[in-house]
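Asks: Please find one structure pasted underneath; my questions will follow.
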Amino acid sequence: MKRAVLGLAAVGLMFGTTAAVVGLSPVQGKLSSLDSQGVAFDGKYKFNRPGVNHGAFEWWGRLEDTMASDRHNVYVEVKIQGHGWVRYYGKQGRSVQFHESNWDGAQRYTSKAKFRVCRDRGSLRPDNCAPKRNLAYNWDRG
């Protein structure tokens with residue numbers, strides 16, 4: 001009798017854990033059509049569930065300098081909740097592949113991020129940037 005009860009408890013625990021993991025699967029999306037004069041980005045992102053890759057906002061894709069003759073560099077900027085913008089530079093006149101993760105070490109997961117691409121026009125002229133994307137996921141509602 002004890003073995004049967006323990007067996008049922010183990011099966012219930014196994015299915016309960018599986019349901020919790022499935023409920024917190026990563027949230028994925030596309031970062032397409034991010035372009036401005038001289039810069040373009042095409043990629044994807046995901047919000048990792050708590051405990052996976054630090055619960056990071058993970059993104060990957062290709063950043064392209066579409067106007068090589070202007071001699072200006074391009075960059076990607078990412079901002080997660082509670083932190084400033086983090087900049088990732090590309091290469092002048094070329095395309096660069098990225099696969100990065102951004103997270104806050106004091107939190108179990110990231111639920112809000114902002115993403116934009118820009119052309120660095122130097123210190124005298126303002127950079128031109130694509131409209132920023134606000135990305136969010138409510139982990140409490142799933």
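Each chain in the structure tokens gets a letter, A, B, ..., in the order shown, and its residues are numbered from 1; ligands are numbered from 1 in order too.
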Would you give me, as a list of chain:residue names, the residues in chain A that DSSP reads as helix (DSSP H, G or I)?
Replies: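 Listing helix (DSSP H, G or I) positions across chain A yields A:Lys2, A:Arg3, A:Ala4, A:Val5, A:Leu6, A:Gly7, A:Leu8, A:Ala9, A:Ala10, A:Val11, A:Gly12, A:Leu13, A:Met14, A:Phe15, A:Gly16, A:Thr17, A:Thr18, A:Ala19, A:Ala20, A:Val21, A:Val22, A:Gly23, A:Asn53, A:His54, A:Gly55, A:Ala68, A:Ser69, A:Asp70.
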Asks: Please report the interatomic distance between atom CA of A:Leu34 and atom CA of A:His54 in Å with one decimal.
Replies: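 Atom CA of A:His54 lies at a distance of 26.4 Å from atom CA of A:Leu34.
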Asks: Report the closest atom pair, with its distance in Å rounded to one decimal, for each residue of stretch 68-125 of chain A that has an atom no farther than 10 Å from stretch 36-42 of chain A; count only C-alpha atoms, sort by chain and then rising residue number, and write it as a tab-separated table.
Replies:
residue	atom	partner	partner_atom	distance
A:Ala68	CA	A:Gly38	CA	7.8
A:Ser69	CA	A:Gly38	CA	9.6
A:Asp70	CA	A:Gly38	CA	8.2
A:His72	CA	A:Gly38	CA	8.4
A:Asn73	CA	A:Val39	CA	8.8
A:Val74	CA	A:Val39	CA	6.3
A:Tyr75	CA	A:Val39	CA	8.3
A:Val76	CA	A:Phe41	CA	8.4
A:Gly90	CA	A:Val39	CA	9.9
A:Gly93	CA	A:Gly38	CA	9.6
A:Ser95	CA	A:Ala40	CA	9.3
A:Val96	CA	A:Phe41	CA	9.7
A:Gln97	CA	A:Phe41	CA	9.8
A:Arg116	CA	A:Phe41	CA	9.0
A:Val117	CA	A:Phe41	CA	7.0
A:Cys118	CA	A:Val39	CA	6.4
A:Arg119	CA	A:Val39	CA	6.0
A:Asp120	CA	A:Gly38	CA	9.5
Asks: Any chance you can output those residues with all heavy atoms as a compact mmCIF listing (two decimals), in the first residue's frame?
Replies:
# COMPACT_ATOMS: atom_id res chain seq x y z
N ALA A 68 27.68 51.96 -47.41
CA ALA A 68 29.11 51.85 -47.15
C ALA A 68 29.89 53.10 -47.54
O ALA A 68 30.91 53.42 -46.94
CB ALA A 68 29.68 50.64 -47.88
N SER A 69 29.42 53.83 -48.53
CA SER A 69 30.15 55.00 -49.03
C SER A 69 30.14 56.18 -48.06
O SER A 69 30.95 57.10 -48.19
CB SER A 69 29.59 55.43 -50.38
OG SER A 69 28.23 55.79 -50.23
N ASP A 70 29.24 56.19 -47.06
CA ASP A 70 29.16 57.33 -46.15
C ASP A 70 30.23 57.31 -45.06
O ASP A 70 30.40 58.27 -44.33
CB ASP A 70 27.77 57.44 -45.52
CG ASP A 70 27.48 56.32 -44.54
OD1 ASP A 70 28.31 55.42 -44.36
OD2 ASP A 70 26.38 56.34 -43.95
N HIS A 72 30.30 55.86 -42.21
CA HIS A 72 29.79 55.89 -40.84
C HIS A 72 29.54 54.46 -40.38
O HIS A 72 29.14 53.60 -41.16
CB HIS A 72 28.48 56.68 -40.74
CG HIS A 72 28.66 58.14 -41.00
ND1 HIS A 72 29.42 58.96 -40.20
CD2 HIS A 72 28.17 58.93 -41.98
CE1 HIS A 72 29.39 60.19 -40.68
NE2 HIS A 72 28.64 60.20 -41.77
N ASN A 73 29.75 54.23 -39.09
CA ASN A 73 29.53 52.91 -38.52
C ASN A 73 28.06 52.76 -38.11
O ASN A 73 27.31 53.73 -38.05
CB ASN A 73 30.45 52.69 -37.32
CG ASN A 73 30.68 51.24 -37.01
OD1 ASN A 73 30.12 50.36 -37.67
ND2 ASN A 73 31.49 50.96 -36.03
N VAL A 74 27.66 51.53 -37.81
CA VAL A 74 26.30 51.23 -37.37
C VAL A 74 26.37 50.48 -36.04
O VAL A 74 27.39 49.91 -35.69
CB VAL A 74 25.54 50.39 -38.42
CG1 VAL A 74 25.33 51.20 -39.69
CG2 VAL A 74 26.25 49.11 -38.74
N TYR A 75 25.26 50.51 -35.30
CA TYR A 75 25.23 49.81 -34.02
C TYR A 75 23.81 49.41 -33.63
O TYR A 75 22.84 49.93 -34.16
CB TYR A 75 25.88 50.64 -32.91
CG TYR A 75 25.24 51.99 -32.63
CD1 TYR A 75 24.19 52.11 -31.72
CD2 TYR A 75 25.70 53.14 -33.25
CE1 TYR A 75 23.62 53.33 -31.45
CE2 TYR A 75 25.14 54.37 -32.98
CZ TYR A 75 24.09 54.47 -32.07
OH TYR A 75 23.52 55.68 -31.80
N VAL A 76 23.75 48.47 -32.70
CA VAL A 76 22.50 48.02 -32.09
C VAL A 76 22.52 48.48 -30.64
O VAL A 76 23.56 48.40 -29.98
CB VAL A 76 22.38 46.47 -32.13
CG1 VAL A 76 21.19 45.98 -31.32
CG2 VAL A 76 22.32 45.97 -33.54
N GLY A 90 28.70 47.40 -35.15
CA GLY A 90 28.92 46.58 -36.32
C GLY A 90 30.24 46.95 -36.97
O GLY A 90 31.13 47.51 -36.32
N GLY A 93 30.61 49.25 -43.65
CA GLY A 93 30.51 48.69 -44.98
C GLY A 93 30.26 47.19 -45.04
O GLY A 93 30.34 46.61 -46.11
N SER A 95 28.25 43.43 -43.10
CA SER A 95 27.22 42.85 -42.24
C SER A 95 27.89 42.09 -41.11
O SER A 95 28.95 41.50 -41.30
CB SER A 95 26.34 41.88 -43.02
OG SER A 95 25.63 42.57 -44.01
N VAL A 96 27.27 42.10 -39.95
CA VAL A 96 27.82 41.42 -38.78
C VAL A 96 26.71 40.59 -38.14
O VAL A 96 25.58 41.07 -37.98
CB VAL A 96 28.37 42.43 -37.75
CG1 VAL A 96 28.85 41.74 -36.50
CG2 VAL A 96 29.47 43.27 -38.36
N GLN A 97 27.01 39.35 -37.80
CA GLN A 97 26.07 38.48 -37.09
C GLN A 97 26.25 38.68 -35.59
O GLN A 97 27.36 38.76 -35.09
CB GLN A 97 26.34 37.01 -37.42
CG GLN A 97 25.96 36.61 -38.83
CD GLN A 97 24.47 36.60 -39.03
OE1 GLN A 97 23.98 37.22 -39.94
NE2 GLN A 97 23.74 35.91 -38.19
N ARG A 116 16.84 48.96 -30.60
CA ARG A 116 16.89 49.87 -31.74
C ARG A 116 18.22 49.73 -32.47
O ARG A 116 19.20 49.24 -31.91
CB ARG A 116 16.64 51.31 -31.33
CG ARG A 116 17.74 51.94 -30.52
CD ARG A 116 17.39 53.37 -30.18
NE ARG A 116 18.42 53.95 -29.33
CZ ARG A 116 18.31 55.12 -28.74
NH1 ARG A 116 17.21 55.83 -28.88
NH2 ARG A 116 19.27 55.59 -27.99
N VAL A 117 18.24 50.15 -33.72
CA VAL A 117 19.46 50.16 -34.53
C VAL A 117 19.69 51.59 -35.02
O VAL A 117 18.74 52.33 -35.29
CB VAL A 117 19.38 49.19 -35.72
CG1 VAL A 117 19.28 47.77 -35.24
CG2 VAL A 117 18.24 49.52 -36.65
N CYS A 118 20.97 51.96 -35.12
CA CYS A 118 21.31 53.34 -35.47
C CYS A 118 22.55 53.40 -36.36
O CYS A 118 23.35 52.47 -36.39
CB CYS A 118 21.63 54.16 -34.22
SG CYS A 118 20.29 54.25 -33.02
N ARG A 119 22.69 54.52 -37.03
CA ARG A 119 23.90 54.85 -37.78
C ARG A 119 24.63 55.93 -37.00
O ARG A 119 24.06 56.97 -36.68
CB ARG A 119 23.55 55.34 -39.18
CG ARG A 119 24.78 55.71 -40.00
CD ARG A 119 24.42 56.03 -41.42
NE ARG A 119 23.60 57.22 -41.49
CZ ARG A 119 23.63 58.09 -42.49
NH1 ARG A 119 24.41 57.88 -43.52
NH2 ARG A 119 22.85 59.14 -42.49
N ASP A 120 25.88 55.68 -36.65
CA ASP A 120 26.71 56.59 -35.88
C ASP A 120 27.29 57.64 -36.82
O ASP A 120 28.15 57.34 -37.63
CB ASP A 120 27.83 55.79 -35.20
CG ASP A 120 28.64 56.63 -34.24
OD1 ASP A 120 28.39 57.85 -34.16
OD2 ASP A 120 29.52 56.07 -33.58
Asks: In Å, rounded to a single decimal, give me how far atom CA of A:Thr66 is from atom CA of A:Lys91.
Replies: 11.0 Å
Asks: What separation in Å, quoted to one decimal, exists between atom CA of A:Arg87 and atom CA of A:Trp103?
Replies: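 Between atom CA of A:Arg87 and atom CA of A:Trp103 the gap works out to 14.2 Å.
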Asks: I need the residues of chain A that end up classed as strand (DSSP E or B) by DSSP on the backbone, written out as a CSV table (one decimal) with N, CA, C and O atoms, in the first residue's frame.
Replies:
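File produced: selection36.csv:
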chain,number,residue,atom,x,y,z
A,27,VAL,N,9.4,33.0,-24.6
A,27,VAL,CA,8.6,33.8,-25.5
A,27,VAL,C,9.5,34.3,-26.6
A,27,VAL,O,10.5,34.9,-26.4
A,28,GLN,N,9.1,34.0,-27.8
A,28,GLN,CA,10.0,34.3,-29.0
A,28,GLN,C,9.3,35.2,-29.9
A,28,GLN,O,8.0,35.3,-30.0
A,29,GLY,N,10.0,36.0,-30.7
A,29,GLY,CA,9.4,36.9,-31.7
A,29,GLY,C,10.5,37.3,-32.7
A,29,GLY,O,11.6,36.9,-32.6
A,30,LYS,N,10.0,38.0,-33.7
A,30,LYS,CA,10.9,38.5,-34.8
A,30,LYS,C,11.3,40.0,-34.6
A,30,LYS,O,10.4,40.7,-34.1
A,31,LEU,N,12.5,40.3,-35.0
A,31,LEU,CA,12.9,41.7,-35.0
A,31,LEU,C,13.2,42.0,-36.5
A,31,LEU,O,14.4,42.2,-36.9
A,32,SER,N,12.2,42.1,-37.3
A,32,SER,CA,12.4,42.4,-38.7
A,32,SER,C,12.0,43.8,-39.0
A,32,SER,O,11.3,44.5,-38.2
A,33,SER,N,12.4,44.3,-40.2
A,33,SER,CA,12.1,45.6,-40.6
A,33,SER,C,12.6,46.7,-39.7
A,33,SER,O,12.0,47.8,-39.6
A,34,LEU,N,13.7,46.5,-39.1
A,34,LEU,CA,14.4,47.5,-38.3
A,34,LEU,C,15.4,48.2,-39.2
A,34,LEU,O,16.5,47.7,-39.4
A,35,ASP,N,15.0,49.3,-39.8
A,35,ASP,CA,16.0,50.0,-40.7
A,35,ASP,C,15.7,51.5,-40.7
A,35,ASP,O,14.7,52.0,-40.4
A,36,SER,N,16.8,52.1,-40.9
A,36,SER,CA,16.8,53.6,-41.1
A,36,SER,C,17.9,53.9,-42.1
A,36,SER,O,18.5,53.0,-42.7
A,39,VAL,N,21.3,51.9,-42.2
A,39,VAL,CA,21.4,50.7,-41.3
A,39,VAL,C,20.2,49.8,-41.4
A,39,VAL,O,19.1,50.3,-41.6
A,40,ALA,N,20.4,48.5,-41.3
A,40,ALA,CA,19.3,47.6,-41.3
A,40,ALA,C,19.6,46.4,-40.4
A,40,ALA,O,20.8,46.0,-40.2
A,41,PHE,N,18.6,45.9,-39.7
A,41,PHE,CA,18.7,44.7,-38.9
A,41,PHE,C,17.6,43.8,-39.1
A,41,PHE,O,16.4,44.2,-39.2
A,42,ASP,N,17.9,42.5,-39.2
A,42,ASP,CA,16.9,41.4,-39.3
A,42,ASP,C,17.3,40.3,-38.3
A,42,ASP,O,18.4,39.8,-38.4
A,43,GLY,N,16.4,40.0,-37.4
A,43,GLY,CA,16.7,39.0,-36.4
A,43,GLY,C,15.5,38.5,-35.6
A,43,GLY,O,14.4,38.7,-36.0
A,44,LYS,N,15.8,37.8,-34.5
A,44,LYS,CA,14.8,37.3,-33.6
A,44,LYS,C,15.2,37.5,-32.2
A,44,LYS,O,16.4,37.9,-31.9
A,45,TYR,N,14.2,37.3,-31.3
A,45,TYR,CA,14.5,37.5,-29.8
A,45,TYR,C,13.7,36.5,-29.1
A,45,TYR,O,12.8,35.8,-29.6
A,46,LYS,N,14.1,36.3,-27.8
A,46,LYS,CA,13.3,35.5,-26.9
A,46,LYS,C,13.6,36.0,-25.5
A,46,LYS,O,14.7,36.4,-25.1
A,47,PHE,N,12.5,35.9,-24.6
A,47,PHE,CA,12.6,36.1,-23.2
A,47,PHE,C,12.7,34.7,-22.6
A,47,PHE,O,11.8,33.9,-22.7
A,57,PHE,N,17.0,38.3,-21.7
A,57,PHE,CA,16.5,38.7,-23.0
A,57,PHE,C,17.6,38.4,-24.0
A,57,PHE,O,18.7,38.9,-24.0
A,58,GLU,N,17.3,37.4,-24.8
A,58,GLU,CA,18.3,36.9,-25.8
A,58,GLU,C,17.9,37.3,-27.2
A,58,GLU,O,16.7,37.2,-27.6
A,59,TRP,N,18.9,37.7,-28.0
A,59,TRP,CA,18.6,38.2,-29.3
A,59,TRP,C,19.7,37.8,-30.3
A,59,TRP,O,20.8,37.7,-29.8
A,60,TRP,N,19.4,37.6,-31.5
A,60,TRP,CA,20.3,37.3,-32.5
A,60,TRP,C,19.9,37.8,-33.9
A,60,TRP,O,18.7,38.0,-34.1
A,61,GLY,N,20.8,38.0,-34.8
A,61,GLY,CA,20.4,38.5,-36.1
A,61,GLY,C,21.6,39.1,-36.8
A,61,GLY,O,22.8,39.1,-36.4
A,62,ARG,N,21.3,39.8,-37.9
A,62,ARG,CA,22.3,40.4,-38.8
A,62,ARG,C,22.1,41.9,-38.9
A,62,ARG,O,21.1,42.4,-39.3
A,63,LEU,N,23.2,42.6,-38.5
A,63,LEU,CA,23.2,44.1,-38.6
A,63,LEU,C,24.0,44.4,-39.8
A,63,LEU,O,25.1,43.9,-40.1
A,64,GLU,N,23.4,45.3,-40.7
A,64,GLU,CA,24.1,45.6,-41.9
A,64,GLU,C,24.2,47.1,-42.1
A,64,GLU,O,23.3,47.9,-41.9
A,65,ASP,N,25.4,47.5,-42.6
A,65,ASP,CA,25.7,48.9,-43.0
A,65,ASP,C,25.2,48.9,-44.5
A,65,ASP,O,25.9,48.4,-45.3
A,73,ASN,N,29.8,54.2,-39.1
A,73,ASN,CA,29.5,52.9,-38.5
A,73,ASN,C,28.1,52.8,-38.1
A,73,ASN,O,27.3,53.7,-38.1
A,74,VAL,N,27.7,51.5,-37.8
A,74,VAL,CA,26.3,51.2,-37.4
A,74,VAL,C,26.4,50.5,-36.0
A,74,VAL,O,27.4,49.9,-35.7
A,75,TYR,N,25.3,50.5,-35.3
A,75,TYR,CA,25.2,49.8,-34.0
A,75,TYR,C,23.8,49.4,-33.6
A,75,TYR,O,22.8,49.9,-34.2
A,76,VAL,N,23.7,48.5,-32.7
A,76,VAL,CA,22.5,48.0,-32.1
A,76,VAL,C,22.5,48.5,-30.6
A,76,VAL,O,23.6,48.4,-30.0
A,77,GLU,N,21.4,48.9,-30.1
A,77,GLU,CA,21.3,49.3,-28.7
A,77,GLU,C,20.2,48.5,-28.1
A,77,GLU,O,19.1,48.4,-28.7
A,78,VAL,N,20.4,47.9,-26.9
A,78,VAL,CA,19.5,47.2,-26.2
A,78,VAL,C,19.4,47.7,-24.7
A,78,VAL,O,20.4,48.0,-24.1
A,79,LYS,N,18.1,47.8,-24.2
A,79,LYS,CA,17.9,48.3,-22.9
A,79,LYS,C,16.9,47.4,-22.2
A,79,LYS,O,15.9,47.1,-22.7
A,80,ILE,N,17.3,46.8,-21.1
A,80,ILE,CA,16.4,46.0,-20.3
A,80,ILE,C,16.0,46.8,-19.1
A,80,ILE,O,16.7,47.7,-18.7
A,86,VAL,N,22.7,49.5,-23.8
A,86,VAL,CA,24.0,48.8,-24.1
A,86,VAL,C,24.2,48.8,-25.6
A,86,VAL,O,23.3,48.4,-26.3
A,87,ARG,N,25.4,49.2,-26.1
A,87,ARG,CA,25.6,49.4,-27.5
A,87,ARG,C,26.5,48.2,-28.0
A,87,ARG,O,27.5,47.9,-27.4
A,88,TYR,N,26.2,47.7,-29.2
A,88,TYR,CA,26.9,46.7,-29.9
A,88,TYR,C,27.2,47.2,-31.3
A,88,TYR,O,26.3,47.4,-32.1
A,89,TYR,N,28.5,47.5,-31.6
A,89,TYR,CA,28.9,48.0,-32.8
A,89,TYR,C,29.1,47.0,-33.9
A,89,TYR,O,29.5,45.9,-33.7
A,95,SER,N,28.2,43.4,-43.1
A,95,SER,CA,27.2,42.9,-42.2
A,95,SER,C,27.9,42.1,-41.1
A,95,SER,O,29.0,41.5,-41.3
A,96,VAL,N,27.3,42.1,-39.9
A,96,VAL,CA,27.8,41.4,-38.8
A,96,VAL,C,26.7,40.6,-38.1
A,96,VAL,O,25.6,41.1,-38.0
A,97,GLN,N,27.0,39.3,-37.8
A,97,GLN,CA,26.1,38.5,-37.1
A,97,GLN,C,26.2,38.7,-35.6
A,97,GLN,O,27.4,38.8,-35.1
A,98,PHE,N,25.1,38.7,-34.9
A,98,PHE,CA,25.2,38.9,-33.4
A,98,PHE,C,24.3,37.8,-32.8
A,98,PHE,O,23.3,37.3,-33.4
A,99,HIS,N,24.7,37.3,-31.6
A,99,HIS,CA,23.9,36.5,-30.7
A,99,HIS,C,24.3,36.9,-29.3
A,99,HIS,O,25.4,36.5,-28.8
A,100,GLU,N,23.4,37.6,-28.7
A,100,GLU,CA,23.7,38.2,-27.4
A,100,GLU,C,22.6,38.0,-26.4
A,100,GLU,O,21.5,37.7,-26.8
A,101,SER,N,23.0,38.1,-25.1
A,101,SER,CA,22.0,38.0,-24.0
A,101,SER,C,22.2,39.2,-23.1
A,101,SER,O,23.3,39.5,-22.7
A,102,ASN,N,21.1,39.8,-22.6
A,102,ASN,CA,21.1,40.9,-21.7
A,102,ASN,C,20.2,40.5,-20.5
A,102,ASN,O,19.1,40.1,-20.7
A,112,LYS,N,11.0,43.0,-19.7
A,112,LYS,CA,10.8,44.2,-20.6
A,112,LYS,C,12.2,44.5,-21.2
A,112,LYS,O,13.2,44.5,-20.6
A,113,ALA,N,12.1,44.8,-22.5
A,113,ALA,CA,13.3,45.2,-23.2
A,113,ALA,C,13.0,46.2,-24.3
A,113,ALA,O,11.8,46.3,-24.8
A,114,LYS,N,14.0,47.1,-24.6
A,114,LYS,CA,13.8,48.0,-25.8
A,114,LYS,C,15.0,47.7,-26.7
A,114,LYS,O,16.1,47.4,-26.3
A,115,PHE,N,14.7,47.9,-28.0
A,115,PHE,CA,15.7,47.5,-29.0
A,115,PHE,C,15.6,48.5,-30.1
A,115,PHE,O,14.6,48.9,-30.6
A,116,ARG,N,16.8,49.0,-30.6
A,116,ARG,CA,16.9,49.9,-31.7
A,116,ARG,C,18.2,49.7,-32.5
A,116,ARG,O,19.2,49.2,-31.9
A,117,VAL,N,18.2,50.2,-33.7
A,117,VAL,CA,19.5,50.2,-34.5
A,117,VAL,C,19.7,51.6,-35.0
A,117,VAL,O,18.7,52.3,-35.3
A,118,CYS,N,21.0,52.0,-35.1
A,118,CYS,CA,21.3,53.3,-35.5
A,118,CYS,C,22.5,53.4,-36.4
A,118,CYS,O,23.4,52.5,-36.4
A,119,ARG,N,22.7,54.5,-37.0
A,119,ARG,CA,23.9,54.8,-37.8
A,119,ARG,C,24.6,55.9,-37.0
A,119,ARG,O,24.1,57.0,-36.7
A,120,ASP,N,25.9,55.7,-36.7
A,120,ASP,CA,26.7,56.6,-35.9
A,120,ASP,C,27.3,57.6,-36.8
A,120,ASP,O,28.1,57.3,-37.6
A,128,ASN,N,21.2,58.8,-36.7
A,128,ASN,CA,19.8,58.5,-37.1
A,128,ASN,C,19.5,57.0,-36.8
A,128,ASN,O,20.3,56.1,-37.1
A,129,CYS,N,18.4,56.9,-36.1
A,129,CYS,CA,18.0,55.6,-35.6
A,129,CYS,C,16.6,55.1,-36.1
A,129,CYS,O,15.8,56.0,-36.4
A,133,ARG,N,11.8,49.5,-30.6
A,133,ARG,CA,10.8,48.5,-30.4
A,133,ARG,C,10.7,48.2,-28.9
A,133,ARG,O,11.8,48.0,-28.2
A,134,ASN,N,9.5,48.4,-28.3
A,134,ASN,CA,9.3,48.0,-26.9
A,134,ASN,C,8.8,46.6,-26.9
A,134,ASN,O,7.8,46.3,-27.4
A,135,LEU,N,9.5,45.8,-26.2
A,135,LEU,CA,9.2,44.3,-26.1
A,135,LEU,C,8.9,44.0,-24.6
A,135,LEU,O,9.6,44.4,-23.7
A,136,ALA,N,7.8,43.2,-24.4
A,136,ALA,CA,7.5,42.9,-23.0
A,136,ALA,C,6.8,41.5,-22.9
A,136,ALA,O,6.1,41.2,-23.9
Asks: Point out the residue among A:Gly122, A:Pro131, A:Gln81, A:Tyr109 with the least atom-to-atom distance to A:Pro26, counting only C-alpha atoms.
Replies: A:Tyr109
